[in-house]
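Notes to accompany the following structure.
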Amino acid sequence: MAIPFSRPLALSQGDPAGIGPDITLMAWLRRRELGLPPFFLIGDPDVLALRARQLNLSVSIRETDEASKAAGIFADALPVMTIPVGIEVVAGQPHAATAKGTIASIEKAVSLVIDGEALAVVTNPIAKAVLYEAGFRFPGHTEFLADLAARATGRPVTPVMMLSGPKLRAIPVTIHIPVRDVPQALTGELITETCRIAHEDLKQRFGIGAPRLAVAGLNPHAGEGGAIGTEDEDVIRPAIERLRDEGIDAIGPLPADTMFHDEARARYDVAICMYHDQALIPAKALGFDDSVNLTLGLPFVRTSPDHGTAFGIAGKGLAREHSLVAALKLAAQLGRSAESRR
């Protein structure tokens, strides 16, 4: 028999004009079928109610001001902790006026988890360009969450973004920066710190006793011995040697074009990649509907669907809730694992 959850998951609203409302409603409707852990949305119930009507979904929505009440509500209604959007939201039409509520939703989710009222943070997709218009100063969710964690704990936080799916776990060492800036941003210290965090979280959160890390090269053919760029030999290889001296099972630098076929993936637990698309393209190709965006290095569990806001299909009944479902399940699994270690 399943053990009941002591605390619900806190789900942020994301951009209310995107598919966040769609997939939230659809996930809740399948809660019994899929055995979903209880969650509550932090957002505007009016946006949800309107989207439910647009999608012809019968969803009971119930406001609550306490996370502790959400688990009891969840079986019969979708619990919502209210943060008003402030304007009328039109599906597929993002507006900078909604940014304040989107940011506040994330902040509230983090504070509830840090205060022990919620089990983990799950974030719906945001549109960074919309937030930038409102003065948002972070490259993305990952960096914002790290800042919130650092402010709450008083300790510096190094966030590590991981795409986790049934066929591949992949981590980009550099994240939301232009490709032209990657070689300068890529340092031995950044590579080793990313790998250390990955190693520790795979042990502690995923229960992998001796994680195997496969480290990609930056250049084609991992630099071909310096013939196609020197970063692989000058920066990446020494970092791997330091990791191995510390007892971390890291191999590389490996040519990225041969790292992701079935036989290669069987030899490691996570692929450490040098930039955003080197990690996310194979991760999404191998499991777009089943992969989860997970932030390592935080003092709390945070997951997210591996896709964006998809404004073009919002409110049209075309969105799929699969990645959000996977994010909810993984957040609950990792949150419960953290609880059991206390």
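Identifiers for the structure tokens are assigned positionally: chains receive A, B, ... in sequence, residues are indexed from 1 per chain, and ligands are indexed from 1 in the order shown.
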Identify, with DSSP run on backbone atoms, the residues in segment 77-123 of chain A assigned to strand (DSSP E or B), and express the list as a tab-separated table (two decimals) with N, CA, C and O atoms, in the first residue's frame.
chain	number	residue	atom	x	y	z
A	78	LEU	N	-8.65	20.91	-7.38
A	78	LEU	CA	-7.29	21.39	-7.60
A	78	LEU	C	-7.03	22.54	-6.63
A	78	LEU	O	-7.65	23.60	-6.74
A	79	PRO	N	-6.13	22.36	-5.65
A	79	PRO	CA	-5.88	23.43	-4.68
A	79	PRO	C	-5.07	24.56	-5.32
A	79	PRO	O	-4.10	24.30	-6.05
A	80	VAL	N	-5.45	25.78	-5.02
A	80	VAL	CA	-4.74	26.94	-5.56
A	80	VAL	C	-4.47	27.93	-4.44
A	80	VAL	O	-5.39	28.36	-3.74
A	81	MET	N	-3.21	28.29	-4.25
A	81	MET	CA	-2.82	29.37	-3.35
A	81	MET	C	-2.76	30.62	-4.21
A	81	MET	O	-1.95	30.72	-5.14
A	82	THR	N	-3.60	31.58	-3.93
A	82	THR	CA	-3.88	32.65	-4.87
A	82	THR	C	-2.81	33.74	-4.90
A	82	THR	O	-2.46	34.32	-3.87
A	90	VAL	N	-4.94	36.27	-21.94
A	90	VAL	CA	-5.40	35.63	-23.17
A	90	VAL	C	-4.42	34.54	-23.53
A	90	VAL	O	-3.22	34.80	-23.67
A	93	GLN	N	-1.04	34.84	-25.69
A	93	GLN	CA	-0.66	36.25	-25.83
A	93	GLN	C	0.04	36.73	-24.56
A	93	GLN	O	-0.60	37.27	-23.66
A	121	VAL	N	9.67	21.89	-4.92
A	121	VAL	CA	9.23	22.90	-5.88
A	121	VAL	C	9.15	22.27	-7.26
A	121	VAL	O	10.10	21.62	-7.71
A	122	VAL	N	8.02	22.47	-7.94
A	122	VAL	CA	7.88	22.12	-9.35
A	122	VAL	C	7.48	23.40	-10.07
A	122	VAL	O	6.56	24.10	-9.64
A	123	THR	N	8.19	23.73	-11.15
A	123	THR	CA	7.94	25.00	-11.82
A	123	THR	C	7.36	24.79	-13.20
A	123	THR	O	7.89	24.01	-13.99
Practice problem: For Ala77 of chain A, list every protein, DNA or RNA residue within 12 Å, evaluated using only C-alpha atoms, and leave out those in the same chain fewer than 5 positions away; present the list as a ChimeraX atom specification. | Solution: /A:25,28-29,31,38-41,45,58-64,69-72
Could those residues be written to a file, using N, CA, C and O atoms, as a PDB file, in the first residue's frame?
ATOM      1  N   LEU A  25      -4.057  21.581 -15.366  1.00  0.00           N
ATOM      2  CA  LEU A  25      -5.428  21.059 -15.329  1.00  0.00           C
ATOM      3  C   LEU A  25      -5.473  19.599 -15.769  1.00  0.00           C
ATOM      4  O   LEU A  25      -6.121  18.764 -15.134  1.00  0.00           O
ATOM      5  N   TRP A  28      -3.941  17.241 -13.145  1.00  0.00           N
ATOM      6  CA  TRP A  28      -4.841  17.005 -12.005  1.00  0.00           C
ATOM      7  C   TRP A  28      -5.965  16.047 -12.385  1.00  0.00           C
ATOM      8  O   TRP A  28      -6.324  15.166 -11.586  1.00  0.00           O
ATOM      9  N   LEU A  29      -6.506  16.172 -13.581  1.00  0.00           N
ATOM     10  CA  LEU A  29      -7.587  15.284 -14.010  1.00  0.00           C
ATOM     11  C   LEU A  29      -7.139  13.827 -14.047  1.00  0.00           C
ATOM     12  O   LEU A  29      -7.964  12.914 -13.883  1.00  0.00           O
ATOM     13  N   ARG A  31      -4.946  12.472 -11.943  1.00  0.00           N
ATOM     14  CA  ARG A  31      -4.265  12.233 -10.679  1.00  0.00           C
ATOM     15  C   ARG A  31      -4.459  10.813 -10.171  1.00  0.00           C
ATOM     16  O   ARG A  31      -3.514  10.190  -9.669  1.00  0.00           O
ATOM     17  N   PRO A  38       0.045  14.605  -4.254  1.00  0.00           N
ATOM     18  CA  PRO A  38      -0.742  15.836  -4.148  1.00  0.00           C
ATOM     19  C   PRO A  38       0.116  17.067  -4.409  1.00  0.00           C
ATOM     20  O   PRO A  38       1.260  17.152  -3.950  1.00  0.00           O
ATOM     21  N   PHE A  39      -0.460  18.000  -5.140  1.00  0.00           N
ATOM     22  CA  PHE A  39       0.220  19.261  -5.406  1.00  0.00           C
ATOM     23  C   PHE A  39      -0.796  20.389  -5.359  1.00  0.00           C
ATOM     24  O   PHE A  39      -2.002  20.173  -5.464  1.00  0.00           O
ATOM     25  N   PHE A  40      -0.286  21.599  -5.188  1.00  0.00           N
ATOM     26  CA  PHE A  40      -1.138  22.778  -5.271  1.00  0.00           C
ATOM     27  C   PHE A  40      -0.454  23.799  -6.167  1.00  0.00           C
ATOM     28  O   PHE A  40       0.780  23.876  -6.217  1.00  0.00           O
ATOM     29  N   LEU A  41      -1.261  24.567  -6.880  1.00  0.00           N
ATOM     30  CA  LEU A  41      -0.731  25.600  -7.767  1.00  0.00           C
ATOM     31  C   LEU A  41      -0.677  26.924  -7.024  1.00  0.00           C
ATOM     32  O   LEU A  41      -1.594  27.263  -6.276  1.00  0.00           O
ATOM     33  N   PRO A  45      -6.539  31.631  -9.655  1.00  0.00           N
ATOM     34  CA  PRO A  45      -7.591  30.646  -9.945  1.00  0.00           C
ATOM     35  C   PRO A  45      -8.496  31.058 -11.098  1.00  0.00           C
ATOM     36  O   PRO A  45      -9.062  30.202 -11.787  1.00  0.00           O
ATOM     37  N   SER A  58     -13.635  19.682 -17.083  1.00  0.00           N
ATOM     38  CA  SER A  58     -14.397  19.822 -15.849  1.00  0.00           C
ATOM     39  C   SER A  58     -13.465  19.658 -14.658  1.00  0.00           C
ATOM     40  O   SER A  58     -13.124  18.533 -14.273  1.00  0.00           O
ATOM     41  N   VAL A  59     -13.019  20.776 -14.101  1.00  0.00           N
ATOM     42  CA  VAL A  59     -12.076  20.777 -12.998  1.00  0.00           C
ATOM     43  C   VAL A  59     -12.616  21.647 -11.877  1.00  0.00           C
ATOM     44  O   VAL A  59     -12.902  22.830 -12.087  1.00  0.00           O
ATOM     45  N   SER A  60     -12.733  21.074 -10.706  1.00  0.00           N
ATOM     46  CA  SER A  60     -13.115  21.842  -9.527  1.00  0.00           C
ATOM     47  C   SER A  60     -11.862  22.509  -8.977  1.00  0.00           C
ATOM     48  O   SER A  60     -10.843  21.847  -8.748  1.00  0.00           O
ATOM     49  N   ILE A  61     -11.928  23.827  -8.776  1.00  0.00           N
ATOM     50  CA  ILE A  61     -10.783  24.597  -8.287  1.00  0.00           C
ATOM     51  C   ILE A  61     -11.143  25.163  -6.918  1.00  0.00           C
ATOM     52  O   ILE A  61     -12.207  25.756  -6.740  1.00  0.00           O
ATOM     53  N   ARG A  62     -10.249  24.966  -5.952  1.00  0.00           N
ATOM     54  CA  ARG A  62     -10.542  25.437  -4.601  1.00  0.00           C
ATOM     55  C   ARG A  62      -9.347  26.216  -4.059  1.00  0.00           C
ATOM     56  O   ARG A  62      -8.222  25.713  -4.041  1.00  0.00           O
ATOM     57  N   GLU A  63      -9.613  27.429  -3.639  1.00  0.00           N
ATOM     58  CA  GLU A  63      -8.554  28.266  -3.089  1.00  0.00           C
ATOM     59  C   GLU A  63      -8.209  27.837  -1.663  1.00  0.00           C
ATOM     60  O   GLU A  63      -9.076  27.400  -0.905  1.00  0.00           O
ATOM     61  N   THR A  64      -6.931  27.967  -1.330  1.00  0.00           N
ATOM     62  CA  THR A  64      -6.470  27.674   0.024  1.00  0.00           C
ATOM     63  C   THR A  64      -5.347  28.636   0.367  1.00  0.00           C
ATOM     64  O   THR A  64      -4.583  29.062  -0.508  1.00  0.00           O
ATOM     65  N   LYS A  69      -3.261  22.325   3.948  1.00  0.00           N
ATOM     66  CA  LYS A  69      -4.624  21.931   3.598  1.00  0.00           C
ATOM     67  C   LYS A  69      -4.719  21.329   2.195  1.00  0.00           C
ATOM     68  O   LYS A  69      -5.722  20.699   1.863  1.00  0.00           O
ATOM     69  N   ALA A  70      -3.697  21.548   1.390  1.00  0.00           N
ATOM     70  CA  ALA A  70      -3.768  21.170  -0.018  1.00  0.00           C
ATOM     71  C   ALA A  70      -3.915  19.669  -0.221  1.00  0.00           C
ATOM     72  O   ALA A  70      -4.659  19.216  -1.091  1.00  0.00           O
ATOM     73  N   ALA A  71      -3.190  18.875   0.562  1.00  0.00           N
ATOM     74  CA  ALA A  71      -3.249  17.419   0.383  1.00  0.00           C
ATOM     75  C   ALA A  71      -4.658  16.898   0.616  1.00  0.00           C
ATOM     76  O   ALA A  71      -5.127  15.983  -0.079  1.00  0.00           O
ATOM     77  N   GLY A  72      -5.375  17.492   1.584  1.00  0.00           N
ATOM     78  CA  GLY A  72      -6.734  17.071   1.845  1.00  0.00           C
ATOM     79  C   GLY A  72      -7.716  17.510   0.778  1.00  0.00           C
ATOM     80  O   GLY A  72      -8.726  16.849   0.546  1.00  0.00           O
TER      81      GLY A  72
END
Self-check item: Nearby residues (only C-alpha atoms) at most 8 Å from segment 210-220 of chain A, same-chain spacing under 3 positions excluded, as a PyMOL selection string
Solution: chain A and resi 195+199+202-203+223-224+228-229+231-232+236+240+248-257+259+267-274
Self-check item: helix (DSSP H, G or I) positions in segment 35-282 of chain A, given as JSON, numbers by chain
Solution: {"A": [45, 46, 47, 48, 49, 50, 51, 52, 53, 54, 67, 68, 69, 70, 71, 72, 73, 74, 96, 97, 98, 99, 100, 101, 102, 103, 104, 105, 106, 107, 108, 109, 110, 111, 112, 113, 114, 128, 129, 130, 131, 132, 133, 141, 142, 143, 144, 145, 146, 147, 148, 149, 150, 151, 152, 153, 179, 180, 181, 182, 183, 184, 185, 188, 189, 190, 191, 192, 193, 194, 195, 196, 197, 198, 199, 200, 201, 202, 203, 204, 220, 221, 222, 223, 224, 225, 226, 231, 232, 233, 234, 235, 236, 237, 238, 239, 240, 241, 242, 243, 244, 245, 256, 257, 258, 262, 263, 264, 265, 276, 277, 278, 279, 280, 281, 282]}
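Using only C-alpha atoms for every distance, the candidate list A:Ala104, A:Val173, A:Ile126, A:Ala97 yields A:Val173 as the residue closest to Glu193 of chain A.
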With only C-alpha atoms counted and 8 Å as the cut-off, give the residues of segment 92-157 of chain A in contact with segment 294-300 of chain A, each with its shortest interatomic distance in Å and the pair that gives it, as CSV.
residue,atom,partner,partner_atom,distance
A:Val113,CA,A:Phe300,CA,7.1
A:Ile114,CA,A:Phe300,CA,7.0
A:Ala120,CA,A:Phe300,CA,6.6
A:Val121,CA,A:Phe300,CA,7.7
A:Thr142,CA,A:Thr295,CA,6.6
A:Ala146,CA,A:Leu298,CA,6.7
A:Ala149,CA,A:Leu298,CA,6.8
A:Val157,CA,A:Leu298,CA,6.7
Quick one: residues within 12 Å of Tyr275 of chain A, only C-alpha atoms, excluding same-chain residues fewer than 4 positions away - as a short mmCIF file (atom, residue, chain, number, x, y, z; two decimals) with N, CA and C atoms, in the first residue's frame?
data_model
loop_
_atom_site.label_atom_id
_atom_site.label_comp_id
_atom_site.auth_asym_id
_atom_site.auth_seq_id
_atom_site.Cartn_x
_atom_site.Cartn_y
_atom_site.Cartn_z
N MET A 161 22.15 22.44 -13.68
CA MET A 161 20.96 22.06 -14.42
C MET A 161 21.14 20.65 -15.00
N MET A 162 20.16 19.78 -14.74
CA MET A 162 20.23 18.43 -15.28
C MET A 162 18.91 18.07 -15.95
N ALA A 170 21.62 14.33 -18.50
CA ALA A 170 22.62 15.19 -19.13
C ALA A 170 22.68 16.53 -18.41
N ILE A 171 23.91 17.02 -18.23
CA ILE A 171 24.15 18.28 -17.52
C ILE A 171 24.98 19.20 -18.40
N PRO A 172 24.53 20.44 -18.63
CA PRO A 172 25.39 21.42 -19.30
C PRO A 172 26.21 22.19 -18.27
N VAL A 173 27.50 22.30 -18.49
CA VAL A 173 28.36 23.03 -17.56
C VAL A 173 28.09 24.53 -17.65
N THR A 174 28.00 25.06 -18.86
CA THR A 174 27.54 26.44 -19.06
C THR A 174 26.10 26.36 -19.53
N ILE A 175 25.30 27.35 -19.17
CA ILE A 175 23.87 27.21 -19.41
C ILE A 175 23.35 28.30 -20.36
N HIS A 176 22.81 29.35 -19.81
CA HIS A 176 22.10 30.33 -20.64
C HIS A 176 23.02 31.47 -21.05
N ILE A 177 24.00 31.14 -21.88
CA ILE A 177 24.90 32.15 -22.42
C ILE A 177 25.05 31.91 -23.92
N PRO A 178 25.42 32.94 -24.69
CA PRO A 178 25.63 32.73 -26.12
C PRO A 178 26.74 31.72 -26.39
N VAL A 179 26.61 30.98 -27.45
CA VAL A 179 27.61 29.96 -27.79
C VAL A 179 28.99 30.59 -27.95
N ARG A 180 29.04 31.80 -28.49
CA ARG A 180 30.34 32.45 -28.70
C ARG A 180 31.08 32.71 -27.39
N ASP A 181 30.34 32.75 -26.26
CA ASP A 181 30.96 33.03 -24.97
C ASP A 181 31.38 31.77 -24.21
N VAL A 182 31.03 30.61 -24.74
CA VAL A 182 31.28 29.37 -24.00
C VAL A 182 32.78 29.13 -23.76
N PRO A 183 33.66 29.23 -24.76
CA PRO A 183 35.07 28.92 -24.50
C PRO A 183 35.68 29.76 -23.39
N GLN A 184 35.30 31.03 -23.29
CA GLN A 184 35.84 31.88 -22.24
C GLN A 184 35.24 31.54 -20.87
N ALA A 185 33.97 31.15 -20.86
CA ALA A 185 33.30 30.83 -19.60
C ALA A 185 33.71 29.47 -19.05
N LEU A 186 34.21 28.62 -19.92
CA LEU A 186 34.51 27.25 -19.53
C LEU A 186 35.87 27.19 -18.84
N LEU A 190 35.01 25.53 -13.00
CA LEU A 190 33.58 25.36 -13.25
C LEU A 190 33.26 23.90 -13.58
N ILE A 191 34.11 23.27 -14.36
CA ILE A 191 33.89 21.86 -14.73
C ILE A 191 33.97 20.97 -13.49
N VAL A 215 32.36 12.85 -19.57
CA VAL A 215 32.56 14.28 -19.81
C VAL A 215 32.83 14.51 -21.29
N ALA A 216 31.98 15.33 -21.91
CA ALA A 216 32.12 15.63 -23.34
C ALA A 216 33.23 16.64 -23.58
N GLY A 217 33.81 16.55 -24.77
CA GLY A 217 34.71 17.59 -25.21
C GLY A 217 33.93 18.79 -25.72
N LEU A 218 34.60 19.90 -25.88
CA LEU A 218 33.96 21.10 -26.41
C LEU A 218 33.95 21.10 -27.93
N ASN A 219 35.05 20.73 -28.52
CA ASN A 219 35.23 20.84 -29.97
C ASN A 219 34.88 19.53 -30.68
N ALA A 256 31.55 14.36 -28.51
CA ALA A 256 30.12 14.43 -28.21
C ALA A 256 29.27 13.68 -29.22
N ALA A 271 25.82 12.37 -18.45
CA ALA A 271 26.70 13.01 -19.43
C ALA A 271 26.92 14.46 -19.00
N ALA A 279 23.89 19.35 -24.33
CA ALA A 279 23.21 18.48 -23.38
C ALA A 279 21.73 18.31 -23.71
N LEU A 280 21.06 19.41 -24.04
CA LEU A 280 19.60 19.37 -24.14
C LEU A 280 19.09 18.76 -25.45
N ILE A 281 19.85 18.86 -26.52
CA ILE A 281 19.39 18.25 -27.78
C ILE A 281 19.28 16.73 -27.64
#
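Nearest residue to Ala327 of chain A, choosing from A:Ala96, A:Gln278, A:Thr24, A:Glu246 and counting only C-alpha atoms: A:Thr24.
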Self-check item: Interatomic distance, atom CA of Leu50 of chain A to atom CA of Ala99 of chain A (Å, one decimal)
Solution: 19.1 Å
